[in-house]
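Novice: Contents of query-v8.cif (mmCIF, C-alpha atoms) are given next:
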data_structure
#
loop_
_atom_site.label_atom_id
_atom_site.label_comp_id
_atom_site.auth_asym_id
_atom_site.auth_seq_id
_atom_site.Cartn_x
_atom_site.Cartn_y
_atom_site.Cartn_z
CA MET U 1 11.48 16.36 -53.54
CA HIS U 2 15.16 15.66 -52.88
CA GLU U 3 15.99 16.47 -56.51
CA MET U 4 16.42 20.19 -55.74
CA PRO U 5 19.61 19.98 -53.65
CA ILE U 6 20.99 17.45 -56.14
CA ALA U 7 20.24 19.84 -59.04
CA THR U 8 21.94 22.69 -57.18
CA ASP U 9 25.08 20.59 -56.70
CA ILE U 10 25.06 19.52 -60.37
CA VAL U 11 24.93 23.17 -61.46
CA GLU U 12 27.75 24.13 -59.09
CA ARG U 13 30.05 21.29 -60.19
CA ALA U 14 29.33 21.87 -63.90
CA VAL U 15 29.93 25.64 -63.66
CA GLU U 16 33.20 24.98 -61.81
CA ALA U 17 34.37 22.64 -64.57
CA ALA U 18 33.30 25.04 -67.31
CA GLU U 19 35.01 28.01 -65.66
CA GLN U 20 38.25 26.09 -65.39
CA HIS U 21 38.17 25.79 -69.18
CA GLY U 22 37.32 29.43 -69.83
CA ALA U 23 33.79 28.68 -71.00
CA THR U 24 31.01 31.25 -71.06
CA ARG U 25 27.96 29.07 -71.63
CA ILE U 26 27.09 25.46 -70.92
CA GLU U 27 25.11 23.61 -73.58
CA GLN U 28 24.83 20.11 -72.12
CA ILE U 29 25.57 18.34 -68.86
CA GLU U 30 25.75 14.56 -68.57
CA VAL U 31 25.21 12.86 -65.23
CA HIS U 32 25.09 9.21 -64.16
CA ILE U 33 22.72 8.59 -61.26
CA GLY U 34 22.60 5.43 -59.20
CA LEU U 35 19.15 3.90 -58.82
CA MET U 36 19.49 3.80 -55.02
CA ARG U 37 19.19 7.59 -55.03
CA GLN U 38 15.53 7.35 -56.05
CA VAL U 39 15.86 10.33 -58.36
CA VAL U 40 12.92 10.97 -60.66
CA PRO U 41 14.47 12.22 -63.94
CA GLU U 42 11.57 14.54 -64.77
CA ALA U 43 11.72 16.08 -61.29
CA LEU U 44 15.48 16.52 -61.59
CA GLU U 45 15.11 18.22 -64.97
CA LEU U 46 12.57 20.65 -63.50
CA ALA U 47 14.77 21.29 -60.47
CA PHE U 48 17.76 21.80 -62.77
CA THR U 49 15.89 24.48 -64.72
CA LEU U 50 15.22 26.34 -61.47
CA ALA U 51 18.68 25.81 -59.98
CA SER U 52 20.50 26.95 -63.10
CA GLU U 53 18.72 30.30 -63.38
CA GLY U 54 21.21 33.14 -63.46
CA THR U 55 24.15 30.82 -64.16
CA MET U 56 25.95 29.88 -67.37
CA ALA U 57 24.17 26.52 -67.18
CA HIS U 58 20.76 28.09 -67.73
CA GLY U 59 19.15 26.64 -70.83
CA ALA U 60 21.57 23.69 -70.96
CA LYS U 61 20.30 20.21 -71.68
CA LEU U 62 20.59 17.83 -68.74
CA SER U 63 21.30 14.30 -69.94
CA ILE U 64 20.55 11.72 -67.25
CA SER U 65 21.70 8.10 -67.35
CA GLN U 66 20.48 5.85 -64.58
CA VAL U 67 22.98 3.35 -63.23
CA LYS U 68 21.92 -0.02 -61.85
CA ALA U 69 22.71 -0.91 -58.26
CA VAL U 70 25.21 -3.63 -57.42
CA ALA U 71 24.90 -5.56 -54.17
CA SER U 72 27.32 -7.85 -52.37
CA CYS U 73 25.69 -10.58 -50.30
CA ASN U 74 26.93 -10.55 -46.70
CA VAL U 75 26.03 -14.24 -46.35
CA CYS U 76 27.58 -15.93 -49.37
CA GLY U 77 29.60 -13.15 -51.04
CA CYS U 78 27.69 -13.26 -54.31
CA ARG U 79 27.67 -10.00 -56.31
CA PHE U 80 24.53 -9.20 -58.21
CA GLU U 81 22.37 -6.42 -59.63
CA PRO U 82 19.20 -6.21 -57.53
CA GLU U 83 15.98 -4.94 -59.00
CA VAL U 84 15.81 -2.21 -56.39
CA GLU U 85 12.09 -1.64 -56.68
CA ILE U 86 11.29 -5.29 -56.07
CA SER U 87 13.93 -7.32 -54.29
CA PHE U 88 17.41 -7.32 -52.79
CA ALA U 89 17.42 -11.07 -52.25
CA CYS U 90 20.62 -12.84 -53.26
CA PRO U 91 20.08 -15.06 -56.33
CA ARG U 92 22.40 -17.69 -54.85
CA CYS U 93 21.38 -18.00 -51.19
CA SER U 94 18.05 -16.06 -51.16
CA GLN U 95 19.07 -13.92 -48.17
CA ALA U 96 18.38 -10.18 -48.39
CA ASP U 97 21.41 -9.30 -46.28
CA VAL U 98 23.48 -7.18 -48.62
CA ARG U 99 25.92 -4.33 -48.86
CA ILE U 100 25.26 -1.90 -51.69
CA VAL U 101 28.56 -1.46 -53.53
CA ALA U 102 27.28 0.63 -56.46
CA GLY U 103 24.16 2.59 -57.21
CA ASN U 104 24.47 5.36 -54.63
CA ASP U 105 26.60 7.73 -56.65
CA ILE U 106 25.71 10.77 -58.68
CA ILE U 107 28.56 11.39 -61.10
CA LEU U 108 29.06 14.35 -63.39
CA THR U 109 30.60 12.79 -66.51
CA SER U 110 30.79 15.61 -69.05
CA VAL U 111 30.06 19.27 -69.61
CA THR U 112 29.65 20.53 -73.16
CA CYS U 113 30.18 24.25 -73.34
CA GLN U 114 30.87 27.18 -75.54
CA ALA U 115 34.39 28.46 -75.03
CA ASP U 116 35.18 32.08 -74.57
CA GLU U 117 37.31 32.68 -77.67
CA GLU U 118 39.52 35.26 -75.99
CA ALA U 119 40.17 33.01 -73.02
CA SER U 120 40.91 29.99 -75.18
CA LEU U 121 43.29 32.01 -77.39
CA SER U 122 45.27 33.47 -74.51
CA MET W 1 33.90 21.96 -76.43
CA LYS W 2 33.17 18.82 -74.44
CA ILE W 3 34.88 18.53 -71.08
CA ASN W 4 35.02 15.00 -69.76
CA VAL W 5 34.99 14.83 -65.99
CA VAL W 6 34.36 12.17 -63.39
CA GLU W 7 33.21 14.03 -60.35
CA ASN W 8 30.99 13.03 -57.49
CA VAL W 9 28.24 15.63 -57.55
CA LEU W 10 27.48 15.19 -53.85
CA LYS W 11 31.08 15.30 -52.67
CA ALA W 12 30.48 18.44 -50.58
CA SER W 13 27.49 16.88 -48.83
CA GLY W 14 29.37 13.59 -48.38
CA ALA W 15 32.34 15.40 -46.85
CA VAL W 16 30.08 17.09 -44.29
CA ALA W 17 28.50 13.72 -43.43
CA GLU W 18 31.96 12.20 -42.90
CA ALA W 19 32.98 15.16 -40.72
CA ASN W 20 29.82 14.66 -38.63
CA ARG W 21 30.68 10.98 -38.22
CA ARG W 22 34.24 11.79 -37.13
CA ARG W 23 32.98 14.27 -34.52
CA MET W 24 30.53 11.74 -33.14
CA ASP W 25 33.15 8.97 -33.21
CA GLU W 26 35.50 11.15 -31.20
CA ALA W 27 32.73 11.77 -28.68
CA ARG W 28 32.10 7.99 -28.63
CA LEU W 29 28.38 8.44 -28.99
CA VAL W 30 26.07 6.35 -31.15
CA ALA W 31 24.03 8.37 -33.63
CA ILE W 32 20.77 6.83 -34.81
CA ASN W 33 18.85 8.26 -37.76
CA LEU W 34 15.12 7.62 -37.21
CA MET W 35 13.18 7.54 -40.47
CA SER W 36 9.52 6.96 -41.23
CA ALA W 37 6.31 8.47 -42.53
CA PRO W 38 4.82 11.34 -40.52
CA GLY W 39 2.81 10.12 -37.55
CA SER W 40 4.42 6.71 -37.19
CA GLY W 41 5.39 7.41 -33.59
CA LYS W 42 9.00 8.59 -33.70
CA THR W 43 8.55 11.21 -30.98
CA ALA W 44 6.39 8.91 -28.85
CA LEU W 45 9.10 6.26 -29.16
CA LEU W 46 11.67 8.71 -27.83
CA GLU W 47 9.35 9.81 -25.03
CA ASN W 48 9.34 6.21 -23.81
CA THR W 49 12.87 5.18 -24.77
CA ILE W 50 14.87 8.00 -23.20
CA PRO W 51 13.51 7.58 -19.64
CA ALA W 52 13.87 3.80 -19.96
CA LEU W 53 17.54 4.13 -20.90
CA GLY W 54 18.05 6.04 -17.69
CA PRO W 55 20.69 8.49 -16.53
CA ASP W 56 23.55 6.08 -17.23
CA ASN W 57 22.80 6.38 -20.95
CA PRO W 58 22.36 10.10 -21.52
CA CYS W 59 20.56 10.90 -24.74
CA ALA W 60 20.21 13.90 -27.01
CA VAL W 61 17.82 14.53 -29.87
CA LEU W 62 18.02 16.48 -33.10
CA VAL W 63 14.46 16.89 -34.32
CA GLY W 64 13.81 17.64 -37.97
CA ASP W 65 10.49 19.07 -39.07
CA LEU W 66 9.34 21.39 -41.79
CA GLN W 67 7.76 23.73 -39.25
CA THR W 68 7.00 24.17 -35.52
CA THR W 69 8.94 23.28 -32.37
CA ARG W 70 6.22 20.96 -31.11
CA ASP W 71 8.32 17.79 -31.10
CA ALA W 72 11.16 19.50 -29.28
CA GLU W 73 8.64 20.82 -26.74
CA ARG W 74 7.29 17.28 -26.21
CA LEU W 75 10.81 16.03 -25.57
CA GLY W 76 11.78 19.05 -23.51
CA HIS W 77 10.30 17.74 -20.28
CA LEU W 78 12.61 14.72 -20.43
CA ALA W 79 15.52 17.01 -19.54
CA VAL W 80 17.66 15.85 -22.41
CA GLN W 81 19.56 18.03 -24.83
CA THR W 82 17.13 18.67 -27.69
CA THR W 83 17.52 20.86 -30.75
CA GLN W 84 14.76 21.46 -33.26
CA ILE W 85 15.84 21.88 -36.87
CA ASN W 86 13.21 23.44 -39.12
CA THR W 87 13.86 22.52 -42.71
CA GLY W 88 11.31 24.93 -44.20
CA LYS W 89 10.43 23.31 -47.49
CA GLY W 90 13.14 20.65 -47.18
CA CYS W 91 11.78 17.11 -47.15
CA HIS W 92 14.79 15.60 -45.34
CA LEU W 93 17.58 16.62 -43.00
CA SER W 94 20.86 17.48 -44.69
CA PRO W 95 24.36 16.75 -43.33
CA ALA W 96 24.94 20.52 -43.00
CA GLN W 97 21.82 20.92 -40.85
CA VAL W 98 22.98 18.05 -38.63
CA ALA W 99 26.43 19.69 -38.36
CA GLN W 100 24.76 22.88 -37.14
CA GLY W 101 22.67 20.84 -34.73
CA LEU W 102 25.78 19.12 -33.36
CA ASN W 103 27.23 22.56 -32.57
CA THR W 104 24.38 23.10 -30.10
CA LEU W 105 25.02 19.89 -28.12
CA ALA W 106 27.59 18.88 -25.53
CA LEU W 107 28.62 15.75 -27.43
CA ASP W 108 30.92 14.29 -24.80
CA ARG W 109 27.95 13.88 -22.45
CA ILE W 110 25.89 11.75 -24.83
CA THR W 111 25.59 7.97 -25.19
CA PHE W 112 22.84 7.98 -27.82
CA LEU W 113 22.06 10.79 -30.24
CA PHE W 114 18.69 10.29 -31.91
CA VAL W 115 18.27 12.19 -35.16
CA GLU W 116 14.54 12.34 -35.79
CA ASN W 117 14.38 12.89 -39.53
CA VAL W 118 11.57 14.66 -41.37
CA GLY W 119 8.57 12.37 -41.82
CA ASN W 120 9.01 11.06 -45.36
CA MET W 121 9.53 7.57 -46.79
CA VAL W 122 11.62 8.50 -49.83
CA CYS W 123 14.01 11.43 -49.48
CA PRO W 124 15.69 10.76 -46.09
CA ALA W 125 16.89 7.34 -47.31
CA ALA W 126 18.97 9.02 -50.03
CA PHE W 127 21.14 11.16 -47.74
CA ASP W 128 23.89 10.05 -45.38
CA LEU W 129 23.93 12.44 -42.41
CA GLY W 130 26.98 10.87 -40.79
CA GLU W 131 24.87 8.64 -38.55
CA HIS W 132 26.06 5.23 -37.37
CA LEU W 133 22.75 3.40 -37.60
CA ARG W 134 19.41 3.77 -39.33
CA VAL W 135 16.18 2.75 -37.69
CA VAL W 136 12.98 2.75 -39.75
CA LEU W 137 9.53 2.85 -38.18
CA LEU W 138 6.38 1.51 -39.81
CA SER W 139 3.13 2.03 -37.92
CA VAL W 140 0.19 -0.32 -38.19
CA PRO W 141 -2.28 2.38 -39.43
CA GLU W 142 -0.08 2.95 -42.49
CA GLY W 143 -0.94 -0.50 -43.79
CA ASP W 144 0.93 -3.77 -44.22
CA ASP W 145 2.00 -3.05 -47.82
CA LYS W 146 4.54 -0.29 -47.15
CA VAL W 147 7.70 -2.42 -47.20
CA ALA W 148 6.95 -3.42 -50.78
CA LYS W 149 6.01 0.14 -51.72
CA TYR W 150 9.10 1.82 -50.24
CA PRO W 151 11.77 -0.89 -50.58
CA ILE W 152 14.85 1.32 -50.47
CA LEU W 153 13.93 2.91 -47.14
CA PHE W 154 13.57 -0.53 -45.59
CA GLN W 155 16.67 -1.86 -47.33
CA VAL W 156 18.92 0.73 -45.66
CA ALA W 157 17.55 0.01 -42.16
CA ASP W 158 19.65 -1.54 -39.40
CA ALA W 159 16.50 -2.17 -37.37
CA ILE W 160 12.82 -1.92 -38.25
CA LEU W 161 10.21 -1.06 -35.66
CA LEU W 162 6.60 -2.01 -36.32
CA THR W 163 4.82 0.50 -34.08
CA LYS W 164 1.25 0.80 -32.75
CA VAL W 165 0.88 -3.00 -32.78
CA ASP W 166 -1.96 -2.59 -30.26
CA LEU W 167 -4.04 -1.61 -33.33
CA ILE W 168 -3.37 -4.80 -35.30
CA GLY W 169 -6.72 -6.38 -34.43
CA VAL W 170 -8.66 -3.19 -35.16
CA LEU W 171 -7.13 -2.58 -38.58
CA GLU W 172 -6.76 -6.14 -39.88
CA PHE W 173 -3.05 -5.62 -40.36
CA GLU W 174 -1.09 -8.75 -41.35
CA VAL W 175 2.39 -8.87 -39.82
CA ARG W 176 3.02 -11.95 -41.98
CA ARG W 177 2.83 -9.75 -45.06
CA VAL W 178 5.44 -7.37 -43.67
CA ARG W 179 7.76 -10.25 -42.80
CA ASP W 180 7.25 -11.79 -46.24
CA ASP W 181 8.17 -8.52 -47.98
CA LEU W 182 11.19 -8.07 -45.70
CA SER W 183 12.42 -11.54 -46.67
CA ARG W 184 13.12 -10.02 -50.12
CA ILE W 185 14.16 -6.52 -49.00
CA ASN W 186 16.14 -6.83 -45.77
CA THR W 187 16.86 -9.94 -43.71
CA ARG W 188 19.72 -8.25 -41.85
CA ALA W 189 17.65 -5.85 -39.73
CA PRO W 190 15.53 -7.24 -36.89
CA LEU W 191 11.82 -6.48 -37.02
CA ILE W 192 10.66 -5.42 -33.57
CA GLU W 193 6.91 -5.29 -32.88
CA LEU W 194 6.32 -2.36 -30.58
CA SER W 195 3.53 -0.51 -28.81
CA ASN W 196 4.22 2.76 -27.07
CA LYS W 197 0.81 2.39 -25.45
CA THR W 198 1.16 -1.08 -23.90
CA GLY W 199 4.94 -1.30 -23.70
CA ARG W 200 5.02 -4.43 -25.86
CA GLY W 201 8.39 -4.86 -27.57
CA MET W 202 10.14 -2.19 -25.50
CA LYS W 203 12.50 -4.67 -23.88
CA GLU W 204 13.54 -6.04 -27.25
CA TRP W 205 14.13 -2.50 -28.56
CA LEU W 206 16.11 -1.48 -25.48
CA ASP W 207 18.18 -4.67 -25.70
CA TRP W 208 18.95 -3.85 -29.33
CA LEU W 209 20.03 -0.33 -28.36
CA HIS W 210 22.13 -1.73 -25.54
CA ARG W 211 24.04 -3.90 -28.04
CA GLN W 212 24.86 -0.84 -30.15
CA ARG W 213 26.63 1.02 -27.36
CA ARG W 214 30.31 1.67 -27.76
CA PRO W 215 32.76 0.06 -25.38
CA PRO W 216 34.07 2.47 -22.75
CA ASN W 217 37.11 4.49 -23.77
CA ARG W 218 39.71 3.11 -21.41
CA ALA W 219 42.27 5.65 -22.53
CA ARG W 220 40.12 8.34 -20.95
CA GLY W 221 39.73 6.32 -17.79
CA GLY W 222 35.94 6.45 -18.03
CA THR W 223 33.83 4.03 -16.07
CA PRO W 224 31.53 1.80 -18.07
CA ALA W 225 27.92 2.89 -18.07
CA THR W 226 25.42 0.44 -16.76
CA PHE W 227 22.19 -0.32 -18.53
#
Take the structure in the file and give it back as structure tokens.
Specialist:
Amino acid sequence: MHEMPIATDIVERAVEAAEQHGATRIEQIEVHIGLMRQVVPEALELAFTLASEGTMAHGAKLSISQVKAVASCNVCGCRFEPEVEISFACPRCSQADVRIVAGNDIILTSVTCQADEEASLS
Amino acid sequence: MKINVVENVLKASGAVAEANRRRMDEARLVAINLMSAPGSGKTALLENTIPALGPDNPCAVLVGDLQTTRDAERLGHLAVQTTQINTGKGCHLSPAQVAQGLNTLALDRITFLFVENVGNMVCPAAFDLGEHLRVVLLSVPEGDDKVAKYPILFQVADAILLTKVDLIGVLEFEVRRVRDDLSRINTRAPLIELSNKTGRGMKEWLDWLHRQRRPPNRARGGTPATF
């Protein structure tokens, strides 16, 4: 279950961002996850619940969007979106000799939080 | 309040992997991440490969396992630098664990560093450790359908070793099926049919390794190693 270290990093990055804005509680975290990461959303949600215990992210909703992979064919240069669970074969030349140019990233895109009124007023 | 950010969640882990790669680049060694299911023959492969590479190609091994030092003990008699990393409940090696492992090795004395990952066909493929090459093993007893079942592991491979091929006749394993699946998943990596028992395929594997070696660092005045 490689979702646990990913969940821990999500919590750390989100808390960092929230603290920079004087927040006291995180309500929602949005992440975009590349399909090459083989993350199971339900497993990540469970791991997130465990990883966020004792932090301001505890109880927050984790919103996960999965991002398709993009491959560049090393043979003919064609760029395409492979169906990563079935095939990486180039639609133009049929070779499965590719470089993955997108689909490996896990990006934190937004943190919705409750601001500390005193901090935001100062 | 909604804070919009664009931040790579794994930037810390990625930075450690890059630092590992820089250290190994500076030492001019070739780091190979060995990935497979448990029991596919990773340790047996190393037991045969390291002596065959000989003293001109000194090797070291970082062995990842959830528990025990058994693999490191098996490799210990080969007189190579070996460090066991126990991951506890972790299902893959992390870049930080490899960084700690590198601290235990004399890197400037190594031609090949084999990183024997935890036996698992999903999680190790998702984490860059800073290695230069990825070699995936598939053993005949696992069945000839595993490339289709675990496509991403095989997609990231630079070489694929089909091990225990001496059992093909016993288990009605169809190599054709593996090759057919690889034609859709990865046509870049060679498929090498190997038997640690009979020695079949060892020359092809050793030739592949030989081609991955770095050219000698002339600035240091080193003499080229012979194979």
Novice: Work out how far CA of Gly199 in chain W is from CA of Val80 in chain W, in Å to one decimal.
Specialist: 21.4 Å
Novice: Using the chain letters and numbers from this file, what does the PyMOL selection byres ((chain U and resi 6-21) around 7) select? Give the answer as a VMD selection string.
Specialist: (chain U and resid 2 to 5 22 to 23 44 47 to 48 51 to 52 56 to 57 111 113) or (chain W and resid 9 to 10)
Novice: Let's have the selection written as a PDB file, in the frame of the given file, with C-alpha atoms.
Specialist:
ATOM      1  CA  HIS U   2      15.160  15.660 -52.880  1.00  0.00           C
ATOM      2  CA  GLU U   3      15.990  16.470 -56.510  1.00  0.00           C
ATOM      3  CA  MET U   4      16.420  20.190 -55.740  1.00  0.00           C
ATOM      4  CA  PRO U   5      19.610  19.980 -53.650  1.00  0.00           C
ATOM      5  CA  GLY U  22      37.320  29.430 -69.830  1.00  0.00           C
ATOM      6  CA  ALA U  23      33.790  28.680 -71.000  1.00  0.00           C
ATOM      7  CA  LEU U  44      15.480  16.520 -61.590  1.00  0.00           C
ATOM      8  CA  ALA U  47      14.770  21.290 -60.470  1.00  0.00           C
ATOM      9  CA  PHE U  48      17.760  21.800 -62.770  1.00  0.00           C
ATOM     10  CA  ALA U  51      18.680  25.810 -59.980  1.00  0.00           C
ATOM     11  CA  SER U  52      20.500  26.950 -63.100  1.00  0.00           C
ATOM     12  CA  MET U  56      25.950  29.880 -67.370  1.00  0.00           C
ATOM     13  CA  ALA U  57      24.170  26.520 -67.180  1.00  0.00           C
ATOM     14  CA  VAL U 111      30.060  19.270 -69.610  1.00  0.00           C
ATOM     15  CA  CYS U 113      30.180  24.250 -73.340  1.00  0.00           C
TER      16      CYS U 113
ATOM     17  CA  VAL W   9      28.240  15.630 -57.550  1.00  0.00           C
ATOM     18  CA  LEU W  10      27.480  15.190 -53.850  1.00  0.00           C
TER      19      LEU W  10
END
Novice: At a cut-off of 7 Å, list the chain W residues touching chain U, using all atoms listed in the file, as a list in words.
Specialist: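 In the required form, that comes to Met1, Lys2, Ile3, Asn4, Val5, Val6, Glu7, Asn8, Val9, Leu10, Cys91, Cys123, Ala126, Pro151, Ile152, Ser183, Arg184, Ile185, Asn186, Thr187 and Arg188 of chain W.
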Novice: Would you mind reading off the distance between CA of Glu116 in chain W and CA of Gly64 in chain W, one decimal, in Å?
Specialist: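 For CA of Glu116 in chain W relative to CA of Gly64 in chain W, the distance reads 5.8 Å.
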Novice: Could you please determine the separation between CA of Asp145 in chain W and CA of Ala31 in chain W in Å, to one decimal place?
Specialist: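 Rounded to one decimal, the two atoms are 28.6 Å apart.
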